[in-house]
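Here is the file query_19.cif (mmCIF, C-alpha atoms and all ligand atoms).
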data_input
#
loop_
_atom_site.label_atom_id
_atom_site.label_comp_id
_atom_site.auth_asym_id
_atom_site.auth_seq_id
_atom_site.Cartn_x
_atom_site.Cartn_y
_atom_site.Cartn_z
CA MET A 1 -1.65 -11.25 15.47
CA MET A 2 0.21 -8.84 13.24
CA GLU A 3 1.95 -5.91 14.81
CA ARG A 4 -0.05 -2.74 14.47
CA ILE A 5 2.52 -0.67 12.59
CA ASP A 6 2.34 1.75 9.69
CA HIS A 7 5.60 0.85 7.96
CA HIS A 8 5.92 3.79 5.59
CA VAL A 9 5.54 7.30 7.03
CA HIS A 10 7.48 10.25 5.62
CA PHE A 11 8.65 12.98 7.96
CA GLU A 12 7.92 16.62 7.30
CA LEU A 13 10.97 18.86 7.62
CA PRO A 14 12.56 20.40 9.56
CA TYR A 15 13.98 17.75 11.86
CA THR A 16 12.61 19.06 15.13
CA LEU A 17 10.84 17.44 18.04
CA ASP A 18 7.97 19.90 17.54
CA ASN A 19 7.42 18.40 14.11
CA LEU A 20 7.55 14.89 15.49
CA LEU A 21 4.96 15.36 18.23
CA PRO A 22 1.83 15.24 16.04
CA TYR A 23 3.08 11.93 14.55
CA ILE A 24 3.45 10.53 18.05
CA GLU A 25 0.01 11.76 19.07
CA ARG A 26 -1.64 10.26 16.02
CA ALA A 27 0.22 6.95 16.37
CA LYS A 28 -1.00 6.71 19.95
CA ALA A 29 -4.56 7.67 19.01
CA LEU A 30 -4.53 4.87 16.41
CA GLN A 31 -3.13 2.51 19.06
CA LEU A 32 -0.09 1.64 16.98
CA ASP A 33 2.53 -0.60 18.59
CA GLU A 34 5.40 1.45 17.20
CA LEU A 35 5.89 4.64 15.25
CA HIS A 36 8.01 4.20 12.11
CA ILE A 37 9.42 7.29 10.44
CA LEU A 38 11.47 7.55 7.26
CA ASP A 39 12.83 9.97 4.72
CA HIS A 40 13.62 9.79 0.99
CA SER A 41 17.12 9.00 -0.22
CA HIS A 42 16.86 11.87 -2.70
CA ARG A 43 16.82 14.27 0.23
CA PHE A 44 20.46 13.53 0.97
CA VAL A 45 23.49 14.69 -0.95
CA GLU A 46 25.31 11.50 0.06
CA PHE A 47 23.04 9.52 -2.30
CA LYS A 48 23.79 11.71 -5.32
CA SER A 49 25.86 9.16 -7.23
CA VAL A 50 22.98 6.66 -7.03
CA TYR A 51 20.90 8.91 -9.29
CA GLU A 52 23.44 9.16 -12.12
CA GLU A 53 21.08 7.46 -14.57
CA ILE A 54 18.55 10.31 -14.43
CA MET A 55 20.92 13.28 -14.19
CA SER A 56 20.18 15.40 -17.23
CA ASP A 57 19.52 19.06 -18.02
CA THR A 58 16.69 18.35 -20.41
CA THR A 59 14.48 15.52 -19.20
CA LEU A 60 11.60 15.70 -16.72
CA GLU A 61 13.50 13.31 -14.47
CA GLY A 62 16.70 15.37 -14.69
CA LYS A 63 14.88 18.58 -13.80
CA TRP A 64 13.18 16.82 -10.90
CA ILE A 65 16.39 15.44 -9.41
CA ALA A 66 18.17 18.79 -9.84
CA ARG A 67 15.84 20.16 -7.14
CA LYS A 68 16.76 17.42 -4.63
CA PHE A 69 19.70 16.70 -2.26
CA LYS A 70 18.78 19.59 0.02
CA SER A 71 20.13 17.99 3.22
CA SER A 72 22.91 15.81 4.51
CA ILE A 73 22.14 12.39 5.90
CA TYR A 74 24.03 13.47 9.02
CA ASP A 75 21.24 15.99 9.80
CA TYR A 76 18.81 13.09 9.80
CA ILE A 77 21.12 10.89 11.87
CA GLU A 78 21.52 13.63 14.48
CA PHE A 79 17.75 13.93 14.70
CA ILE A 80 17.38 10.16 15.11
CA LYS A 81 19.88 10.18 17.96
CA LEU A 82 18.06 13.07 19.63
CA VAL A 83 14.73 11.21 19.48
CA LYS A 84 16.19 7.89 20.58
CA ASN A 85 17.53 9.51 23.73
CA GLN A 86 14.05 10.29 24.96
CA ASP A 87 10.97 8.37 25.97
CA PHE A 88 7.80 9.36 24.15
CA GLY A 89 5.66 6.53 25.47
CA ILE A 90 5.80 4.63 22.18
CA PRO A 91 8.78 2.92 20.50
CA ILE A 92 9.99 5.03 17.57
CA LYS A 93 12.00 3.53 14.74
CA PHE A 94 13.74 5.26 11.86
CA GLY A 95 14.37 4.17 8.34
CA ILE A 96 14.93 5.39 4.86
CA GLU A 97 13.21 4.90 1.51
CA VAL A 98 15.87 4.39 -1.12
CA CYS A 99 15.25 4.75 -4.85
CA TYR A 100 16.53 1.53 -6.35
CA PHE A 101 18.66 1.68 -9.48
CA GLU A 102 20.21 -1.35 -11.11
CA ASN A 103 23.99 -1.52 -10.73
CA LYS A 104 24.01 1.08 -7.96
CA GLU A 105 23.97 -1.43 -5.12
CA GLN A 106 27.51 -0.57 -3.97
CA GLU A 107 26.79 3.15 -3.84
CA ILE A 108 23.58 2.54 -1.88
CA LYS A 109 25.36 0.17 0.48
CA HIS A 110 28.06 2.72 1.28
CA VAL A 111 25.52 5.33 2.39
CA LEU A 112 23.46 2.83 4.37
CA GLU A 113 26.60 1.86 6.26
CA LEU A 114 26.76 5.35 7.77
CA TYR A 115 24.06 4.49 10.29
CA PRO A 116 22.30 1.29 11.42
CA PHE A 117 18.80 2.23 10.31
CA ASP A 118 16.00 0.19 11.88
CA PHE A 119 14.53 -0.58 8.48
CA VAL A 120 15.26 0.21 4.84
CA ILE A 121 12.62 0.38 2.13
CA GLY A 122 13.75 -0.09 -1.44
CA SER A 123 11.43 1.41 -4.04
CA VAL A 124 11.51 1.46 -7.80
CA HIS A 125 10.56 5.00 -8.80
CA PHE A 126 12.52 5.01 -12.07
CA ILE A 127 12.30 2.34 -14.73
CA ASP A 128 15.40 2.60 -16.93
CA GLY A 129 15.36 6.33 -16.30
CA PHE A 130 11.61 6.80 -16.68
CA GLY A 131 9.99 8.38 -13.60
CA TYR A 132 6.54 6.85 -13.76
CA ASP A 133 5.12 8.80 -10.83
CA LEU A 134 6.36 12.26 -11.81
CA ASP A 135 3.78 14.96 -12.43
CA ASN A 136 3.14 15.65 -16.12
CA GLN A 137 4.92 12.48 -17.18
CA ASP A 138 4.42 11.72 -20.86
CA TYR A 139 3.48 8.10 -21.54
CA SER A 140 2.70 8.54 -25.21
CA ASN A 141 5.93 7.00 -26.53
CA VAL A 142 6.22 4.28 -23.93
CA ASN A 143 5.75 0.56 -24.50
CA ILE A 144 3.51 -0.08 -21.51
CA ASP A 145 3.84 -3.87 -21.43
CA GLU A 146 7.62 -3.57 -21.56
CA LEU A 147 7.51 -0.93 -18.81
CA TYR A 148 5.60 -3.29 -16.53
CA LYS A 149 7.98 -6.12 -17.30
CA ARG A 150 11.00 -4.00 -16.43
CA TYR A 151 9.29 -2.64 -13.32
CA PHE A 152 8.92 -6.10 -11.84
CA GLU A 153 12.40 -7.16 -12.98
CA LEU A 154 13.86 -4.18 -11.13
CA GLU A 155 11.86 -4.95 -8.01
CA ILE A 156 13.15 -8.51 -8.05
CA ALA A 157 16.70 -7.18 -8.48
CA ALA A 158 16.08 -4.91 -5.47
CA ILE A 159 14.97 -7.90 -3.40
CA LYS A 160 18.03 -9.91 -4.45
CA SER A 161 20.39 -7.03 -3.60
CA GLU A 162 19.76 -7.85 0.08
CA LEU A 163 19.93 -4.13 0.87
CA PHE A 164 16.29 -3.74 1.86
CA SER A 165 13.95 -5.06 4.51
CA ILE A 166 10.85 -3.93 2.62
CA ILE A 167 9.99 -3.25 -1.01
CA GLY A 168 7.89 -0.09 -1.19
CA HIS A 169 4.60 -0.06 -3.09
CA PRO A 170 5.46 -3.04 -5.34
CA ASP A 171 2.28 -2.65 -7.38
CA ALA A 172 2.57 1.11 -7.88
CA LEU A 173 3.01 1.41 -11.62
CA LYS A 174 -0.77 1.41 -11.90
CA LEU A 175 -0.91 4.90 -10.44
CA SER A 176 -0.22 6.05 -14.00
CA GLY A 177 -3.74 4.90 -14.78
CA ILE A 178 -2.32 2.99 -17.74
CA ASN A 179 -2.80 -0.74 -17.58
CA PRO A 180 -0.80 -3.33 -19.49
CA THR A 181 -2.40 -5.60 -22.08
CA ILE A 182 -0.53 -8.55 -20.59
CA ASP A 183 -1.64 -10.49 -17.51
CA LEU A 184 0.56 -9.60 -14.55
CA TYR A 185 0.14 -12.99 -12.90
CA ASP A 186 3.60 -14.30 -13.80
CA TYR A 187 5.28 -11.10 -12.60
CA TYR A 188 3.40 -11.14 -9.31
CA ASP A 189 4.26 -14.81 -8.98
CA ALA A 190 7.99 -14.20 -9.49
CA LEU A 191 7.96 -11.19 -7.17
CA VAL A 192 6.37 -12.93 -4.19
CA ASN A 193 8.50 -16.00 -4.75
CA GLU A 194 11.72 -13.96 -4.43
CA ALA A 195 10.31 -11.88 -1.56
CA SER A 196 9.61 -15.07 0.30
CA ILE A 197 13.03 -16.60 -0.41
CA TYR A 198 14.92 -13.43 0.59
CA ASN A 199 12.60 -12.70 3.52
CA VAL A 200 11.81 -9.20 2.28
CA SER A 201 8.39 -7.70 3.06
CA LEU A 202 6.16 -6.07 0.48
CA ASP A 203 4.39 -2.90 1.50
CA MET A 204 0.67 -2.70 0.93
CA ASN A 205 0.47 0.98 0.26
CA SER A 206 -2.83 2.74 0.92
CA GLY A 207 -1.22 5.91 -0.43
CA LEU A 208 -1.87 4.56 -3.91
CA TYR A 209 -5.55 4.59 -3.04
CA TYR A 210 -6.01 7.85 -1.17
CA ARG A 211 -3.30 9.89 -2.92
CA TYR A 212 -3.47 8.54 -6.46
CA GLY A 213 -6.94 7.06 -6.75
CA VAL A 214 -5.84 3.54 -7.65
CA ASN A 215 -8.90 1.35 -7.15
CA HIS A 216 -7.40 -0.91 -4.49
CA LEU A 217 -5.48 -0.41 -1.26
CA GLY A 218 -2.05 -0.69 -2.80
CA MET A 219 -2.11 -4.23 -4.10
CA ASP A 220 -4.07 -6.20 -6.61
CA THR A 221 -6.04 -9.08 -5.08
CA GLN A 222 -4.08 -11.50 -7.24
CA LEU A 223 -0.83 -10.26 -5.71
CA ILE A 224 -2.22 -10.58 -2.19
CA LYS A 225 -3.38 -14.13 -2.83
CA LEU A 226 -0.03 -15.15 -4.29
CA ALA A 227 1.84 -13.60 -1.38
CA LYS A 228 -0.16 -15.78 0.98
CA LEU A 229 0.40 -18.82 -1.15
CA TYR A 230 4.17 -18.28 -1.02
CA ASP A 231 4.11 -17.18 2.61
CA ALA A 232 5.62 -13.82 1.68
CA SER A 233 5.29 -11.07 4.25
CA LEU A 234 2.91 -8.17 3.53
CA VAL A 235 3.01 -5.09 5.74
CA PRO A 236 0.54 -2.23 6.01
CA SER A 237 1.78 1.21 5.02
CA SER A 238 0.14 4.55 4.36
CA ASP A 239 3.05 6.29 2.59
CA ALA A 240 1.90 9.36 4.53
CA HIS A 241 3.62 12.57 3.51
CA LYS A 242 1.96 14.46 6.34
CA TYR A 243 1.17 13.30 9.86
CA SER A 244 -2.58 13.49 9.33
CA ASP A 245 -2.33 10.64 6.80
CA LEU A 246 -0.43 8.35 9.17
CA GLY A 247 -2.34 5.07 9.56
CA ASN A 248 -4.81 5.71 6.75
CA HIS A 249 -6.84 2.50 6.16
CA MET A 250 -4.76 0.73 8.79
CA ASP A 251 -7.35 -1.77 10.01
CA CYS A 252 -8.33 -2.76 6.55
CA MET A 253 -4.72 -3.28 5.48
CA LEU A 254 -3.94 -5.23 8.63
CA ARG A 255 -6.71 -7.66 7.81
CA MET A 256 -5.53 -7.99 4.23
CA CYS A 257 -1.87 -8.49 5.20
CA ASP A 258 -2.67 -11.04 7.87
CA LYS A 259 -1.61 -14.51 6.76
CA GLN A 260 -4.71 -15.95 8.38
CA THR A 261 -7.03 -13.95 6.12
CA THR A 262 -7.56 -15.33 2.66
CA SER A 263 -9.12 -13.94 -0.49
CA ILE A 264 -10.67 -10.62 0.34
CA GLU A 265 -11.82 -7.36 -1.17
CA CYS A 266 -11.86 -3.96 0.38
CA SER A 267 -13.54 -0.75 -0.62
CA ASP A 268 -13.29 2.64 1.01
CA ASN A 269 -15.73 1.93 3.78
CA VAL A 270 -16.67 -1.68 3.62
CA TYR A 271 -14.50 -4.68 4.02
CA ILE A 272 -15.96 -7.94 2.78
CA THR A 273 -14.88 -11.23 4.26
CA ASP A 274 -14.39 -14.07 1.85
CA ASP A 275 -16.88 -16.32 3.59
CA PHE A 276 -19.71 -13.78 3.31
CA ASN A 277 -20.41 -13.92 7.01
CA SER A 278 -20.07 -10.27 7.64
CA PHE A 279 -19.35 -6.81 6.38
CA GLU A 280 -16.92 -4.76 8.36
CA VAL A 281 -17.35 -1.02 8.33
CA TYR A 282 -14.38 1.31 8.50
CA SER A 283 -14.41 4.99 9.26
CA LYS A 284 -13.47 7.33 6.44
CA ASN A 285 -11.73 9.60 8.93
CA ASN A 286 -9.29 7.36 10.73
CA GLY A 287 -9.52 3.99 9.02
CA LYS A 288 -10.63 2.28 12.20
CA LEU A 289 -13.14 -0.52 12.38
CA VAL A 290 -16.41 0.93 13.62
CA ASP A 291 -18.85 -1.90 13.18
CA THR A 292 -19.41 -5.41 11.92
CA ILE A 293 -22.66 -6.45 10.33
CA SER A 294 -23.33 -10.14 10.11
CA PHE A 295 -25.25 -12.20 7.63
CA LYS A 296 -26.43 -15.76 7.95
CA PRO A 297 -24.39 -17.90 5.62
CA HIS A 298 -25.81 -20.88 3.82
CA THR A 299 -23.40 -23.46 2.52
CA GLN A 300 -24.10 -25.28 -0.69
CA LYS A 301 -21.91 -27.36 -3.00
CA GLY A 302 -18.76 -26.29 -1.22
CA SER A 303 -19.35 -22.61 -1.74
CA VAL A 304 -20.88 -20.20 0.67
CA MET A 305 -23.83 -18.08 -0.37
CA LEU A 306 -26.62 -16.21 1.26
CA GLU A 307 -30.13 -17.51 1.35
CA LEU A 308 -32.49 -15.64 -0.85
CA HIS A 309 -34.62 -14.12 1.86
CA ASP A 310 -31.54 -13.14 3.81
CA ILE A 311 -30.24 -11.18 0.89
CA LEU A 312 -33.48 -9.37 0.34
CA SER A 313 -34.15 -8.39 3.91
CA ASP A 314 -30.66 -7.96 5.28
CA ILE A 315 -29.11 -6.13 2.39
CA LYS A 316 -31.87 -3.56 2.22
CA GLU A 317 -31.57 -3.05 5.94
CA PHE A 318 -27.82 -2.96 5.67
CA PHE A 319 -27.79 -0.26 3.01
CA ALA A 320 -30.25 1.88 4.94
CA TYR A 321 -28.10 1.46 8.02
CA MET A 322 -24.90 2.33 6.19
CA HIS A 323 -26.48 5.36 4.63
CA GLU A 324 -27.93 6.70 7.83
CA TYR A 325 -25.03 6.09 10.18
CA TYR A 326 -21.95 6.25 8.02
CA HIS A 327 -23.04 8.47 5.15
CA VAL A 328 -21.19 6.23 2.76
CA GLU A 329 -21.22 6.95 -0.93
CA HIS A 330 -21.53 3.35 -1.91
CA VAL A 331 -21.00 -0.15 -0.66
CA VAL A 332 -19.84 -3.19 -2.55
CA ALA A 333 -21.73 -6.42 -2.19
CA ILE A 334 -20.58 -9.79 -3.37
CA SER A 335 -22.21 -13.10 -4.17
CA ASN A 336 -21.41 -16.11 -6.29
CA GLU A 337 -24.99 -16.48 -7.37
CA GLU A 338 -28.38 -14.77 -7.28
CA LYS A 339 -27.25 -11.95 -9.53
CA SER A 340 -30.81 -11.08 -10.37
CA ILE A 341 -31.54 -10.32 -6.75
CA TYR A 342 -28.78 -7.77 -6.64
CA GLU A 343 -29.83 -6.29 -9.91
CA ALA A 344 -33.43 -6.09 -8.73
CA LEU A 345 -32.17 -4.05 -5.80
CA GLY A 346 -30.75 -1.49 -8.20
CA MET A 347 -27.12 -2.41 -7.89
CA GLU A 348 -24.91 -1.89 -10.84
CA LYS A 349 -22.48 -4.65 -11.67
CA ILE A 350 -18.98 -3.23 -11.67
CA TYR A 351 -16.79 -6.12 -12.63
CA SER A 352 -16.49 -9.82 -12.57
CA LYS A 353 -13.53 -12.00 -11.78
CA GLU A 354 -13.05 -15.71 -11.21
CA SER A 355 -16.77 -16.39 -11.29
CA ILE A 356 -17.33 -14.03 -8.38
CA ASN A 357 -19.48 -11.04 -9.16
CA TYR A 358 -19.06 -7.67 -7.56
CA TYR A 359 -21.86 -5.20 -7.37
CA ASN A 360 -21.84 -1.55 -6.63
CA TYR A 361 -24.81 0.11 -5.02
CA THR A 362 -25.09 3.88 -5.11
CA PHE A 363 -27.43 5.68 -2.78
ZN ZN B 1 7.93 5.62 -2.88
ZN ZN B 2 7.23 6.79 0.22
#

Would you mind writing the file's structure down as structure tokens?
Amino acid sequence: MMERIDHHVHFELPYTLDNLLPYIERAKALQLDELHILDHSHRFVEFKSVYEEIMSDTTLEGKWIARKFKSSIYDYIEFIKLVKNQDFGIPIKFGIEVCYFENKEQEIKHVLELYPFDFVIGSVHFIDGFGYDLDNQDYSNVNIDELYKRYFELEIAAIKSELFSIIGHPDALKLSGINPTIDLYDYYDALVNEASIYNVSLDMNSGLYYRYGVNHLGMDTQLIKLAKLYDASLVPSSDAHKYSDLGNHMDCMLRMCDKQTTSIECSDNVYITDDFNSFEVYSKNNGKLVDTISFKPHTQKGSVMLELHDILSDIKEFFAYMHEYYHVEHVVAISNEEKSIYEALGMEKIYSKESINYYNYTF
């Protein structure tokens, strides 16, 4: 069983116990094993030299960083000590999310040596000076394929630096909404290979889904599959920037990160197991599993599919049930065969991959 932990939760200033209490309450309500809290490296003046590459009076990145470094890391460390001296009924751990820049490993190391943080997330937010997640970023003069290539190279360099326990949102470049023309398979492959060798976890980041509208919960299915193949560690994270987002899509991510679970898809409300036995329904409000609906599987030629009459009766019933009880916008159904049945039910095919067809049904 994986530990029930949201590995990436940003703290809202100021550093007071009053501000921490709602995080504790929510972590307990979600039955988390531990509460993990972190802050950005760009908050702290001690990290200033790490950001040299983007210091500029004229660029978007330069203007962004000029507004940072509002606190000292010692303010954060004092707060950590204050919290660690008390018992809140749940273990609380503190970390930091560090912006990774090539050739700044020594500078990063020096700051991290100031306090033994429980965990350190290394994230690539700047690709050779280009801040891909900044508001109003201009992609018009960017070579997208090259950007992706460099993104993964930098993430691998971050892994090899041995400064980090986790790589934050390793599949985040997609939040730009601009996809490469090249297949990312080789980059994913290299990334999980190094993550496995260096024993660094990769954070499945639901923030990409609920904050940026990326169409998966932080990681492409291909990346998830490869991570399992290489036995690389995946950890659930919400990248919450306010306590109410802590644990978003937790159950779903836990299932996807679990090494025992193979080949899966997840939509907002419905989780689909790879063997077609059941649909699991997750609440939109707190991400918790609320129900499981089973189907009768029928095995044929090594693949699992539903019997015709099962599809017709159960799926209709299932949709009616979902609509009535969960008010879902849509569900995603999956089958290797019997496309016509799905189409006859009014489902619109949304995409197809590896001979598996995905269908989207809108109420
Ligand atoms: Zn980040
Ligand atoms: Zn973050």

Which of these, A:Ala172, A:Ile80, A:Leu246, A:Ile65, has the shortest distance to ligand ZN 1 (chain B) once you count only C-alpha atoms and all ligand atoms?
->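 Nearest to ligand ZN 1 (chain B): A:Ala172.
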
Surrounding residues as a PDB file with C-alpha atoms, in the coordinates of the input, ligand ZN 2 (chain B), max 8 Å, all atoms listed in the file:
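Below is the file result27.pdb, written as the result:
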ATOM      1  CA  HIS A   8       5.920   3.790   5.590  1.00  0.00           C
ATOM      2  CA  VAL A   9       5.540   7.300   7.030  1.00  0.00           C
ATOM      3  CA  HIS A  10       7.480  10.250   5.620  1.00  0.00           C
ATOM      4  CA  ASP A  39      12.830   9.970   4.720  1.00  0.00           C
ATOM      5  CA  HIS A  40      13.620   9.790   0.990  1.00  0.00           C
ATOM      6  CA  GLU A  97      13.210   4.900   1.510  1.00  0.00           C
ATOM      7  CA  GLY A 168       7.890  -0.090  -1.190  1.00  0.00           C
ATOM      8  CA  ASP A 239       3.050   6.290   2.590  1.00  0.00           C
ATOM      9  CA  ALA A 240       1.900   9.360   4.530  1.00  0.00           C
ATOM     10  CA  HIS A 241       3.620  12.570   3.510  1.00  0.00           C
TER      11      HIS A 241
END

Pick from A:Ser201, A:Ser238, A:Ser72, A:Asn19 nearest to Phe119 of chain A, counting all atoms listed in the file = A:Ser201

Within 9 Å of Cys257 of chain A, counting all atoms listed in the file, which residues qualify if same-chain residues fewer than 5 places away don't, as a PyMOL selection string?
-> chain A and resi 2+204+224+228+233-236+252

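Between atom CA of His125 of chain A and atom CA of Glu46 of chain A the interatomic distance comes to 18.4 Å.
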
Enclose the full set of atoms of segment 226-236 of chain A listed in the file within a box whose edges lie along x, y and z, apply 4 Å of padding to each of the six sides, and report centre and edge lengths in Å to one decimal as lines of an AutoDock Vina configuration file.
center_x = 2.7
center_y = -10.5
center_z = 0.9
size_x = 13.8
size_y = 24.6
size_z = 18.3

Show me, as a compact mmCIF listing (two decimals) with C-alpha atoms, in the frame of the given file, the residues that have an atom within 12 Å of Ile182 of chain A when counting only C-alpha atoms, minus same-chain residues fewer than 6 positions from it.
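result_32.txt written:
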# COMPACT_ATOMS: atom_id res chain seq x y z
CA ASN A 143 5.75 0.56 -24.50
CA ILE A 144 3.51 -0.08 -21.51
CA ASP A 145 3.84 -3.87 -21.43
CA GLU A 146 7.62 -3.57 -21.56
CA LEU A 147 7.51 -0.93 -18.81
CA TYR A 148 5.60 -3.29 -16.53
CA LYS A 149 7.98 -6.12 -17.30

Measuring atom to atom with all atoms listed in the file, identify which of A:Glu194, A:Asp57, A:Asp203, A:Asp189 is nearest to Ile167 of chain A.
->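 For Ile167 of chain A, the nearest of the candidates is A:Asp203.
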
Which residue of A:Val83, A:Met253, A:Cys99, A:Leu35 approaches ligand ZN 1 (chain B) most closely, using all atoms listed in the file |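 Among A:Val83, A:Met253, A:Cys99, A:Leu35, it is A:Cys99 that comes nearest to ligand ZN 1 (chain B).
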
Pick from A:Asp220, A:Glu3, A:Asp183, A:Asp133, whichever lies nearest to Asp33 of chain A using all atoms listed in the file =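 The shortest atom-to-atom distance to Asp33 of chain A comes from A:Glu3.
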
Which residues come within 7 Å of segment 161-166 of chain A, counting all atoms listed in the file, excluding same-chain residues fewer than 5 positions away, as a VMD selection string?
-> chain A and resid 105 109 119 to 122 200 to 203

Of the candidates A:Asp18, A:Asp231, A:Glu34, A:Asp138, which shows the shortest atom-to-atom distance to Gly247 of chain A, using all atoms listed in the file?
->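 Counting all atoms listed in the file, the residue closest to Gly247 of chain A is A:Glu34.
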
Could you tell me how far atom CA of Ile96 of chain A lies from atom CA of Leu38 of chain A, in Å and to one decimal?
-> 4.7 Å

Neighbour list for Glu61 of chain A as a PyMOL selection string, cut-off 8 Å, only C-alpha atoms, skip fewer than 3 positions in-chain = chain A and resi 54-56+64-65+129-131+134

State, in Å with one decimal place, the distance from atom CA of His7 of chain A to atom CA of Ala29 of chain A.
-> 16.5 Å

Test item: residues at most 9 Å from Pro170 of chain A, all atoms listed in the file, excluding those fewer than 3 positions along its chain, as a ChimeraX atom specification | /A:123-124,151-152,155,167,173,191,202-205,218-219

Once you have the residues from the selection above, write them out as a PDB file, in the frame of the given file, restricted to C-alpha atoms.
ATOM      1  CA  SER A 123      11.430   1.410  -4.040  1.00  0.00           C
ATOM      2  CA  VAL A 124      11.510   1.460  -7.800  1.00  0.00           C
ATOM      3  CA  TYR A 151       9.290  -2.640 -13.320  1.00  0.00           C
ATOM      4  CA  PHE A 152       8.920  -6.100 -11.840  1.00  0.00           C
ATOM      5  CA  GLU A 155      11.860  -4.950  -8.010  1.00  0.00           C
ATOM      6  CA  ILE A 167       9.990  -3.250  -1.010  1.00  0.00           C
ATOM      7  CA  LEU A 173       3.010   1.410 -11.620  1.00  0.00           C
ATOM      8  CA  LEU A 191       7.960 -11.190  -7.170  1.00  0.00           C
ATOM      9  CA  LEU A 202       6.160  -6.070   0.480  1.00  0.00           C
ATOM     10  CA  ASP A 203       4.390  -2.900   1.500  1.00  0.00           C
ATOM     11  CA  MET A 204       0.670  -2.700   0.930  1.00  0.00           C
ATOM     12  CA  ASN A 205       0.470   0.980   0.260  1.00  0.00           C
ATOM     13  CA  GLY A 218      -2.050  -0.690  -2.800  1.00  0.00           C
ATOM     14  CA  MET A 219      -2.110  -4.230  -4.100  1.00  0.00           C
TER      15      MET A 219
END
